[in-house]
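For reference, start_37.tsv (TSV, C-alpha atoms and all ligand atoms):
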chain	number	residue	atom	x	y	z
P	194	MET	CA	151.17	-2.21	132.67
P	195	PHE	CA	150.88	1.53	132.92
P	196	VAL	CA	153.00	4.04	131.10
P	197	GLY	CA	153.89	7.48	132.32
P	198	GLU	CA	152.93	9.30	135.48
P	199	ASP	CA	149.19	9.35	134.94
P	200	LYS	CA	148.56	7.63	131.65
P	201	VAL	CA	147.07	4.19	131.79
P	202	ASP	CA	148.32	1.63	129.33
P	203	ARG	CA	144.87	0.91	128.02
P	204	SER	CA	145.83	-2.18	126.08
P	205	THR	CA	147.10	-3.95	129.21
P	206	GLU	CA	144.16	-2.77	131.29
P	207	ILE	CA	141.74	-4.11	128.71
P	208	ALA	CA	143.72	-7.34	128.29
P	209	LEU	CA	143.53	-8.00	132.04
P	210	LEU	CA	139.79	-7.35	132.06
P	211	LYS	CA	139.23	-9.54	129.00
P	212	GLU	CA	141.16	-12.33	130.66
P	213	VAL	CA	138.93	-12.37	133.75
P	214	LEU	CA	135.77	-11.91	131.66
P	215	ALA	CA	136.75	-14.91	129.55
P	216	LEU	CA	137.40	-17.02	132.64
P	217	LYS	CA	134.02	-16.02	134.06
P	218	SER	CA	132.20	-16.74	130.80
P	219	ALA	CA	133.85	-20.14	130.52
P	220	GLY	CA	133.13	-20.95	134.18
P	221	SER	CA	136.85	-21.63	134.55
P	222	PHE	CA	139.65	-20.72	136.94
P	223	PHE	CA	143.11	-19.22	136.40
P	224	LEU	CA	145.31	-22.30	136.72
P	225	ASP	CA	149.02	-22.84	137.11
P	226	GLY	CA	150.49	-25.99	135.59
P	227	GLN	CA	151.07	-27.85	138.83
P	228	GLN	CA	150.08	-28.01	142.45
P	229	THR	CA	152.86	-26.70	144.70
P	230	ARG	CA	153.66	-26.98	148.37
P	231	ASN	CA	155.66	-25.46	151.16
P	232	ASN	CA	157.27	-27.06	154.19
P	233	ALA	CA	155.53	-26.42	157.50
P	234	ASP	CA	158.96	-25.62	158.97
P	235	ALA	CA	159.06	-22.45	156.89
P	236	TYR	CA	156.35	-21.01	159.17
P	237	ALA	CA	157.25	-22.46	162.54
P	238	SER	CA	161.01	-22.67	162.83
P	239	ALA	CA	162.90	-20.04	164.84
P	240	ASP	CA	166.06	-20.84	162.87
P	241	ARG	CA	164.29	-20.25	159.59
P	242	PHE	CA	162.92	-16.95	160.90
P	243	ALA	CA	166.42	-15.77	161.88
P	244	VAL	CA	167.65	-16.52	158.36
P	245	GLU	CA	164.66	-14.70	156.82
P	246	ARG	CA	165.42	-11.65	158.91
P	247	ALA	CA	169.11	-11.56	157.99
P	248	ALA	CA	168.95	-12.71	154.37
P	249	LEU	CA	165.64	-11.23	153.27
P	250	PHE	CA	164.04	-8.53	155.46
P	251	ARG	CA	167.27	-6.56	155.83
P	252	ARG	CA	168.46	-7.07	152.26
P	253	VAL	CA	165.54	-5.57	150.35
P	254	PRO	CA	163.99	-2.08	150.44
P	255	ALA	CA	161.13	-1.91	152.93
P	256	MET	CA	158.22	0.55	152.86
P	257	ALA	CA	158.87	2.16	156.23
P	258	ALA	CA	156.30	4.96	156.13
P	259	HIS	CA	153.89	6.71	153.83
P	260	ALA	CA	155.32	10.09	152.89
P	261	SER	CA	152.32	11.91	154.40
P	262	GLU	CA	153.12	10.41	157.81
P	263	LEU	CA	156.37	12.38	157.82
P	264	ASN	CA	154.43	15.54	157.44
P	265	GLY	CA	156.39	18.69	156.72
P	266	PRO	CA	159.88	20.04	157.47
P	267	ASP	CA	161.44	18.95	160.79
P	268	SER	CA	158.94	16.11	161.32
P	269	PHE	CA	160.04	12.71	162.59
P	270	LEU	CA	158.67	9.19	163.03
P	271	ARG	CA	159.86	6.26	165.07
P	272	ARG	CA	159.42	2.86	163.35
P	273	ASP	CA	160.76	-0.66	163.72
P	274	VAL	CA	161.94	-2.06	160.40
P	275	ALA	CA	163.19	-5.62	160.02
P	276	GLY	CA	163.65	-5.85	163.78
P	277	LEU	CA	165.72	-2.66	163.96
P	278	PRO	CA	164.73	0.56	165.76
P	279	MET	CA	164.55	3.31	163.18
P	280	LEU	CA	164.25	7.09	163.33
P	281	LEU	CA	162.87	8.71	160.18
P	282	THR	CA	163.32	12.46	159.85
P	283	ARG	CA	162.59	15.22	157.39
P	284	ASP	CA	165.07	18.07	157.56
P	285	GLY	CA	164.34	21.78	157.15
P	286	GLU	CA	164.58	21.45	153.36
P	287	GLY	CA	162.09	18.57	153.30
P	288	GLN	CA	164.71	15.89	152.60
P	289	ALA	CA	163.96	12.54	154.27
P	290	HIS	CA	166.58	10.61	156.27
P	291	ALA	CA	166.62	7.27	158.09
P	292	PHE	CA	168.85	6.43	161.07
P	293	LEU	CA	169.07	3.75	163.68
P	294	ASN	CA	167.31	5.18	166.72
P	295	VAL	CA	170.32	4.52	168.93
P	296	CYS	CA	172.53	6.95	170.85
P	297	ARG	CA	176.12	6.78	169.63
P	298	HIS	CA	177.49	7.31	173.15
P	299	ARG	CA	176.39	4.19	175.02
P	300	GLY	CA	173.45	2.94	173.03
P	301	THR	CA	170.30	4.32	174.65
P	302	ARG	CA	167.16	4.62	172.52
P	303	LEU	CA	167.44	8.20	171.35
P	304	VAL	CA	163.78	9.00	170.65
P	305	ASP	CA	160.80	7.57	172.54
P	306	ASP	CA	157.96	9.55	170.99
P	307	ALA	CA	156.20	7.83	168.09
P	308	ALA	CA	156.08	10.97	165.95
P	309	GLY	CA	156.40	14.71	166.16
P	310	CYS	CA	158.22	17.78	165.00
P	311	ARG	CA	161.79	18.44	166.17
P	312	LYS	CA	164.99	19.94	164.80
P	313	ARG	CA	167.26	18.16	167.29
P	314	PHE	CA	167.23	15.00	169.33
P	315	THR	CA	168.74	14.82	172.81
P	316	CYS	CA	169.57	11.50	174.41
P	317	PRO	CA	167.69	10.99	177.71
P	318	TYR	CA	170.82	9.54	179.40
P	319	HIS	CA	173.64	12.15	179.14
P	320	ALA	CA	172.15	14.60	176.65
P	321	TRP	CA	174.33	14.09	173.61
P	322	THR	CA	172.37	15.85	170.85
P	323	TRP	CA	172.01	15.41	167.08
P	324	ASN	CA	170.26	17.50	164.44
P	325	ASN	CA	167.72	15.94	162.07
P	326	ARG	CA	170.43	15.35	159.47
P	327	GLY	CA	172.16	13.04	161.94
P	328	ASP	CA	175.08	15.34	162.86
P	329	LEU	CA	176.30	15.29	166.46
P	330	ILE	CA	175.91	18.89	167.63
P	331	ALA	CA	176.31	18.83	171.43
P	332	VAL	CA	178.18	16.77	174.03
P	333	PRO	CA	177.95	17.99	177.65
P	334	HIS	CA	181.40	18.54	179.23
P	335	GLU	CA	183.03	17.43	176.03
P	336	ALA	CA	186.39	19.22	176.47
P	337	GLN	CA	187.15	17.50	179.76
P	338	GLY	CA	185.45	14.15	179.30
P	339	PHE	CA	186.01	13.46	175.60
P	340	PRO	CA	189.08	15.47	174.58
P	341	ASP	CA	189.71	13.15	171.62
P	342	LEU	CA	186.14	12.91	170.34
P	343	ASP	CA	185.84	13.28	166.57
P	344	ARG	CA	182.21	14.34	166.14
P	345	GLN	CA	182.31	13.35	162.47
P	346	HIS	CA	182.52	9.72	163.53
P	347	PHE	CA	179.61	9.96	165.91
P	348	GLY	CA	176.85	10.96	163.55
P	349	LEU	CA	173.68	8.87	163.87
P	350	LYS	CA	174.01	5.54	162.10
P	351	ARG	CA	172.51	6.22	158.71
P	352	VAL	CA	170.27	3.75	156.87
P	353	ALA	CA	169.80	3.92	153.08
P	354	CYS	CA	166.53	5.75	152.41
P	355	VAL	CA	164.69	7.01	149.36
P	356	GLU	CA	161.36	8.75	149.07
P	357	ARG	CA	159.49	7.73	145.95
P	358	TYR	CA	155.99	6.85	144.72
P	359	GLY	CA	154.59	8.25	147.99
P	360	TRP	CA	156.56	6.09	150.42
P	361	LEU	CA	159.83	6.15	152.33
P	362	TRP	CA	161.79	3.05	151.42
P	363	VAL	CA	164.67	1.99	153.64
P	364	CYS	CA	167.17	-0.82	153.49
P	365	THR	CA	169.45	-1.59	156.40
P	366	ASP	CA	171.92	-3.69	154.41
P	367	ALA	CA	171.98	-1.60	151.25
P	368	PRO	CA	174.86	0.57	150.18
P	369	GLU	CA	174.21	4.30	150.48
P	370	ALA	CA	172.39	4.51	147.13
P	371	LEU	CA	169.31	2.35	147.09
P	372	ASP	CA	168.33	0.92	143.68
P	373	LEU	CA	164.58	1.09	144.16
P	374	ASP	CA	163.54	0.70	140.53
P	375	GLY	CA	165.87	-2.28	140.16
P	376	PHE	CA	164.15	-3.80	143.19
P	377	LEU	CA	160.67	-3.03	141.85
P	378	ASP	CA	161.54	-4.99	138.72
P	379	GLY	CA	158.98	-3.61	136.30
P	380	LEU	CA	156.46	-2.55	138.93
P	381	SER	CA	157.64	1.07	138.85
P	382	THR	CA	155.15	2.06	136.16
P	383	ASP	CA	152.24	0.70	138.20
P	384	MET	CA	153.59	2.45	141.29
P	385	ALA	CA	153.71	5.74	139.38
P	386	TRP	CA	150.15	5.18	138.14
P	387	LEU	CA	148.91	4.55	141.69
P	388	ASP	CA	150.19	8.03	142.58
P	389	GLY	CA	150.68	7.28	146.27
P	390	ALA	CA	152.20	10.75	146.77
P	391	SER	CA	148.75	12.30	146.24
P	392	LEU	CA	147.25	10.33	149.15
P	393	ARG	CA	147.11	10.72	152.92
P	394	VAL	CA	146.52	8.27	155.75
P	395	ALA	CA	142.87	8.57	156.85
P	396	ALA	CA	142.85	5.74	159.40
P	397	THR	CA	145.24	3.19	160.89
P	398	LEU	CA	144.95	-0.10	162.71
P	399	GLU	CA	148.04	-1.51	164.42
P	400	GLU	CA	148.00	-4.82	166.23
P	401	GLU	CA	149.97	-7.99	166.87
P	402	ARG	CA	148.88	-11.39	165.68
P	403	ALA	CA	150.09	-14.86	166.68
P	404	SER	CA	150.80	-15.78	163.09
P	405	ASN	CA	153.81	-16.18	160.87
P	406	TRP	CA	154.05	-13.19	158.55
P	407	LYS	CA	153.76	-15.37	155.43
P	408	PHE	CA	150.27	-16.61	156.35
P	409	LEU	CA	149.15	-12.98	156.47
P	410	ILE	CA	150.55	-12.34	152.97
P	411	GLU	CA	149.18	-15.60	151.59
P	412	ALA	CA	145.67	-14.59	152.69
P	413	GLY	CA	145.58	-12.11	149.83
P	414	LEU	CA	147.06	-14.30	147.12
P	415	GLU	CA	144.00	-16.37	146.19
P	416	ALA	CA	140.24	-15.91	145.88
P	417	TYR	CA	139.55	-19.59	146.64
P	418	HIS	CA	138.56	-18.70	150.20
P	419	PHE	CA	136.36	-15.67	149.48
P	420	GLN	CA	132.96	-17.41	149.40
P	421	VAL	CA	133.78	-19.46	152.49
P	422	ALA	CA	135.90	-17.44	154.90
P	423	HIS	CA	134.33	-14.10	153.95
P	424	ARG	CA	130.72	-15.31	153.63
P	425	ALA	CA	129.62	-12.80	156.30
P	426	THR	CA	131.38	-9.82	154.72
P	427	ILE	CA	132.62	-9.43	151.14
P	428	ALA	CA	131.58	-12.74	149.55
P	429	PRO	CA	128.52	-11.28	147.73
P	430	TYR	CA	130.73	-8.66	146.06
P	431	PHE	CA	133.11	-11.16	144.44
P	432	HIS	CA	132.97	-14.19	142.18
P	433	ASP	CA	133.77	-17.66	143.45
P	434	ASN	CA	137.49	-18.33	143.08
P	435	LEU	CA	137.94	-15.88	140.22
P	436	SER	CA	141.31	-14.12	140.13
P	437	THR	CA	144.48	-13.86	138.09
P	438	TYR	CA	147.97	-12.76	138.91
P	439	GLN	CA	151.11	-11.52	137.18
P	440	MET	CA	154.67	-11.64	138.53
P	441	PHE	CA	157.06	-8.69	138.41
P	442	GLY	CA	160.24	-10.37	139.60
P	443	ASP	CA	159.34	-11.33	143.16
P	444	HIS	CA	156.39	-8.93	143.32
P	445	ILE	CA	152.84	-9.96	142.49
P	446	ARG	CA	149.89	-8.11	141.03
P	447	SER	CA	146.66	-9.96	141.80
P	448	VAL	CA	143.49	-9.09	139.90
P	449	LEU	CA	140.36	-9.78	141.95
P	450	PRO	CA	137.19	-9.06	139.92
P	451	ARG	CA	134.19	-7.68	141.73
P	452	ALA	CA	130.63	-8.84	141.10
P	453	SER	CA	130.10	-5.81	138.84
P	454	LEU	CA	132.53	-7.25	136.28
P	455	MET	CA	129.78	-8.62	134.04
P	456	GLU	CA	128.25	-5.14	133.67
P	457	MET	CA	131.20	-4.37	131.41
P	458	ALA	CA	130.31	-7.08	128.94
P	459	GLY	CA	127.60	-4.89	127.41
P	460	GLN	CA	129.65	-1.68	127.48
P	461	PRO	CA	132.09	-0.34	124.89
P	462	GLU	CA	135.69	-1.04	125.79
P	463	ASP	CA	136.58	2.63	126.06
P	464	ARG	CA	134.42	2.78	129.19
P	465	TRP	CA	136.17	-0.14	130.88
P	466	ARG	CA	138.14	0.90	133.97
P	467	ILE	CA	139.97	-1.76	135.90
P	468	ARG	CA	139.56	-0.02	139.26
P	469	ASP	CA	135.79	0.17	138.73
P	470	HIS	CA	135.35	-3.60	138.44
P	471	THR	CA	138.27	-5.27	140.19
P	472	ASN	CA	140.37	-4.94	143.29
P	473	LEU	CA	144.07	-4.99	142.54
P	474	LEU	CA	146.35	-6.35	145.21
P	475	TYR	CA	150.03	-5.57	144.84
P	476	THR	CA	152.30	-7.73	146.97
P	477	ILE	CA	155.48	-5.71	147.20
P	478	PHE	CA	157.89	-8.40	148.18
P	479	PRO	CA	158.20	-9.56	150.80
P	480	MET	CA	155.90	-8.01	153.38
P	481	ASN	CA	153.84	-5.14	152.06
P	482	GLN	CA	150.57	-5.25	150.19
P	483	LEU	CA	148.59	-2.49	148.52
P	484	LEU	CA	144.91	-3.29	148.16
P	485	VAL	CA	143.73	-0.91	145.47
P	486	GLN	CA	140.03	-0.09	145.38
P	487	GLN	CA	138.00	2.27	143.23
P	488	ASP	CA	138.97	5.56	144.86
P	489	HIS	CA	141.34	4.65	147.69
P	490	MET	CA	143.75	1.96	148.79
P	491	ILE	CA	144.76	0.05	151.89
P	492	TRP	CA	148.42	-0.41	152.74
P	493	ILE	CA	148.96	-3.64	154.65
P	494	HIS	CA	152.35	-3.49	156.32
P	495	LEU	CA	153.93	-6.33	158.29
P	496	GLU	CA	156.72	-6.24	160.82
P	497	PRO	CA	157.58	-9.88	161.57
P	498	LEU	CA	158.57	-10.30	165.25
P	499	SER	CA	159.26	-14.03	165.44
P	500	ALA	CA	158.29	-17.20	163.58
P	501	GLY	CA	154.89	-17.15	165.24
P	502	ARG	CA	154.27	-13.47	165.82
P	503	THR	CA	153.75	-10.46	163.55
P	504	ARG	CA	152.93	-6.82	164.12
P	505	LEU	CA	150.70	-5.52	161.37
P	506	ALA	CA	149.44	-2.13	160.32
P	507	LEU	CA	146.49	-1.36	158.05
P	508	ARG	CA	146.45	2.17	156.71
P	509	THR	CA	143.59	3.47	154.61
P	510	LEU	CA	145.06	5.89	152.07
P	511	VAL	CA	142.69	8.39	150.50
P	512	PRO	CA	143.05	11.43	148.22
P	513	ALA	CA	144.79	14.13	150.26
P	514	ASP	CA	142.13	16.73	149.46
P	515	ASP	CA	139.17	14.47	150.33
P	516	ASP	CA	138.10	15.37	153.87
P	517	ARG	CA	135.05	13.10	154.24
P	518	HIS	CA	136.13	11.99	157.70
P	519	ASP	CA	133.13	9.82	158.63
P	520	HIS	CA	132.99	8.24	155.20
P	521	TRP	CA	136.61	7.06	155.39
P	522	GLN	CA	136.26	5.91	159.01
P	523	ARG	CA	133.31	3.73	157.97
P	524	ASN	CA	135.26	2.47	154.99
P	525	HIS	CA	138.26	1.63	157.16
P	526	ALA	CA	136.00	-0.22	159.63
P	527	ILE	CA	134.67	-2.44	156.82
P	528	THR	CA	138.20	-3.18	155.60
P	529	GLN	CA	139.31	-3.94	159.12
P	530	ARG	CA	136.41	-6.31	159.71
P	531	THR	CA	137.09	-8.20	156.48
P	532	LEU	CA	140.85	-8.46	156.85
P	533	THR	CA	140.48	-9.46	160.49
P	534	GLU	CA	138.74	-12.59	159.17
P	535	ASP	CA	142.00	-13.38	157.37
P	536	PHE	CA	144.20	-12.51	160.36
P	537	VAL	CA	142.18	-14.73	162.70
P	538	LEU	CA	142.60	-17.55	160.19
P	539	GLY	CA	146.35	-16.83	160.14
P	540	GLU	CA	146.43	-17.43	163.90
P	541	SER	CA	144.39	-20.59	163.48
P	542	ILE	CA	146.81	-21.91	160.83
P	543	GLN	CA	149.82	-21.04	162.99
P	544	ALA	CA	148.44	-23.10	165.87
P	545	GLY	CA	147.63	-25.92	163.47
P	546	ILE	CA	151.09	-25.95	161.92
P	547	GLU	CA	152.80	-25.85	165.30
P	548	SER	CA	150.80	-28.95	166.30
P	549	GLY	CA	152.83	-30.98	163.79
P	550	ALA	CA	149.74	-32.36	162.04
P	551	ASN	CA	150.94	-31.27	158.60
P	552	ASP	CA	154.49	-31.58	157.28
P	553	VAL	CA	153.62	-29.54	154.22
P	554	LEU	CA	151.01	-27.07	153.03
P	555	THR	CA	149.54	-27.94	149.65
P	556	PHE	CA	148.64	-25.21	147.15
P	557	GLY	CA	146.14	-26.00	144.38
P	558	ARG	CA	146.59	-24.89	140.77
P	559	PHE	CA	144.46	-21.79	141.45
P	560	GLU	CA	146.63	-21.01	144.48
P	561	GLY	CA	149.70	-20.69	142.29
P	562	ALA	CA	150.67	-17.26	143.57
P	563	LEU	CA	151.31	-18.82	146.99
P	564	GLY	CA	153.81	-21.22	145.44
P	565	ARG	CA	155.55	-18.37	143.59
P	566	PHE	CA	155.69	-16.19	146.69
P	567	ASN	CA	157.20	-18.97	148.78
P	568	ALA	CA	159.65	-19.87	146.02
P	569	SER	CA	160.89	-16.26	146.12
P	570	VAL	CA	161.29	-16.38	149.90
P	571	ALA	CA	163.09	-19.73	149.63
P	572	ARG	CA	165.51	-18.30	147.06
P	573	PHE	CA	166.57	-15.58	149.48
P	574	VAL	CA	166.98	-17.87	152.46
P	575	GLY	CA	168.60	-20.68	150.47
P	576	ALA	CA	165.99	-23.19	151.57
P	577	GLY	CA	166.17	-26.72	150.18
P	578	ALA	CA	164.35	-28.03	147.16
P	579	THR	CA	161.44	-29.43	149.14
P	580	SER	CA	160.47	-25.96	150.26
P	581	ALA	CA	157.98	-24.42	147.89
P	582	GLY	CA	158.44	-27.40	145.56
P	583	ARG	CA	155.95	-29.33	143.49
P	584	SER	CA	153.71	-31.66	145.42
H	601	LIG	S1	173.92	7.04	176.26
H	601	LIG	FE1	173.15	8.70	175.15
H	601	LIG	S2	174.20	10.41	175.89
H	601	LIG	FE2	175.00	8.76	177.02
H	602	FE	FE	140.75	-12.98	152.66
Any chance you could put this one into structure tokens?
Amino acid sequence: MFVGEDKVDRSTEIALLKEVLALKSAGSFFLDGQQTRNNADAYASADRFAVERAALFRRVPAMAAHASELNGPDSFLRRDVAGLPMLLTRDGEGQAHAFLNVCRHRGTRLVDDAAGCRKRFTCPYHAWTWNNRGDLIAVPHEAQGFPDLDRQHFGLKRVACVERYGWLWVCTDAPEALDLDGFLDGLSTDMAWLDGASLRVAATLEEERASNWKFLIEAGLEAYHFQVAHRATIAPYFHDNLSTYQMFGDHIRSVLPRASLMEMAGQPEDRWRIRDHTNLLYTIFPMNQLLVQQDHMIWIHLEPLSAGRTRLALRTLVPADDDRHDHWQRNHAITQRTLTEDFVLGESIQAGIESGANDVLTFGRFEGALGRFNASVARFVGAGATSAGRS
């Protein structure tokens, strides 16, 4: 869609806006050819979850942290990624690294603090010590106790990591070099345009929800529910069931027009700006979403814990030089209130699915992005044809 670091591909931007304007004028919806469906098992089965973790979560690059969270030389962060304990570090030259947060002696968790600034990490059990490049640099009583120890083989277990577009991406099952742009599959130009590296985290919510991770993603993939589920919050700012989406491989860009869309109809096209009149929601497959608003964005990050449980983080990302603290706290509170409506529904659906009432979930023609998303998941896990099939 967008070409270059900061240059918007105007023709695509205008085409997307014309598409939603035309739908609105015609009183029509963005429709896929067919209804689709997904098996209830995909959300409730422990076996299915284990396969998702092994064949999907650990196989694709994950957004482990925003670059600003690893703030400056010798900073570190502790994160769980795809069920694995991870230590993210920035060395003295500013280079980012990812390791398993596990002592190479007998397996203790090396770092307990959530974040901080440290050049070396000492295990709390017997004090083996590594630098922030992962090299083993100290072993108490080494000469007598470990006369044959080859320190080279006891570096921290490294995880493939690249810092790009403002995030640290890690992949536990990737070879050393991580092909991020191959993974992004055409979304790289949009990621460059979003300029995540110029942002900072202004506010964070972290919590656990009794919901399968996919329900939390699906909540953003249609506007069918806006006027109903969000009637107390954002409903007046959006149109009923008006949205479009485009696929970039397994990733999805959803276009969610705001009520102000029709103001553009009387304006010259050169004044049309997509971020002024729509929310864009990027689903970066499988479990990250970027909700792009006029002057900031919200990063929705999921860490699936089990079939029925997910840890989630909402981070409001704002321009790094914008220090309107109260403004962004208020903004974050509104986002949190709205998205909590979705998360509570996710828990409601989880309980409903686990009751066995429904064998399948049925997605209407204007819920097509849900079918596509689940088809992508099914492809990774090798699920049968009935999963994410036509109804
Ligand atoms: S387990 Fe870490 S130093 Fe022994
Ligand atoms: Fe919602």
Subject >> Interatomic distance, atom CA of Gly300 of chain P to atom CA of Leu495 of chain P (Å, one decimal) >> reply: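 Rounded to one decimal, the two atoms are 26.2 Å apart.
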Original post:
From the list P:Ser436, P:Thr301, P:Thr229, P:Ser261, which residue is nearest ligand LIG 601 (chain H) when using all atoms listed in the file?
Top reply: P:Thr301
Subject >> Residue neighbourhood Lys350 of chain P, 10 Å, only C-alpha atoms, exclusion window fewer than 4 positions, as a list in words >> reply: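 Once the adjacent positions are removed, what remains is Met279, Leu280, Ala291, Phe292, Leu293, Asn294, Val295, Cys296, Arg297, Gly327, Asp328 and His346 of chain P.
Residues in contact with segment 310-322 of chain P at up to 8 Å, not including ones fewer than 4 positions away on its chain and judged by all atoms listed in the file, are P:Asp267, P:Ser268, P:Phe269, P:Asp284, P:Gly285, P:Cys296, P:His298, P:Thr301, P:Arg302, P:Leu303, P:Val304, P:Leu329, P:Ile330, P:Ala331, P:Val332, P:Pro333.
Atom CA of Arg523 of chain P lies 23.2 Å from atom CA of Asp388 of chain P.
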Subject >> Within 8 Å of His494 of chain P using only C-alpha atoms, minus same-chain residues under 4 positions, as a PyMOL selection string >> reply: chain P and resi 256+480-482+505-507
**OP:** Kindly give the distance, in Å, that separates atom CA of Met455 of chain P and atom CA of Leu484 of chain P, rounded to a single decimal.
**Re:** 21.4 Å
Subject >> Exercise: Phe222 of chain P partners within 8 Å, all atoms listed in the file, chain neighbours under 3 positions left out, as a ChimeraX atom specification >> reply: /P:216-217,434-436,559
Subject >> Surrounding residues as a ChimeraX atom specification, ligand FE 602 (chain H), max 10 Å, all atoms listed in the file >> reply: /P:409-423,427-428,531-536,538
Original post:
What lies within 6 Å of Leu474 of chain P using all atoms listed in the file, ignoring chain neighbours under 5 positions off, as an MDAnalysis selection string?
Top reply: chainID P and resid 446:447 483:484
**OP:** Kindly indicate which residue among P:Arg424, P:Arg246, P:Arg230, P:Arg252 lies nearest to Arg565 of chain P, using all atoms listed in the file for the distances.
**Re:** P:Arg230
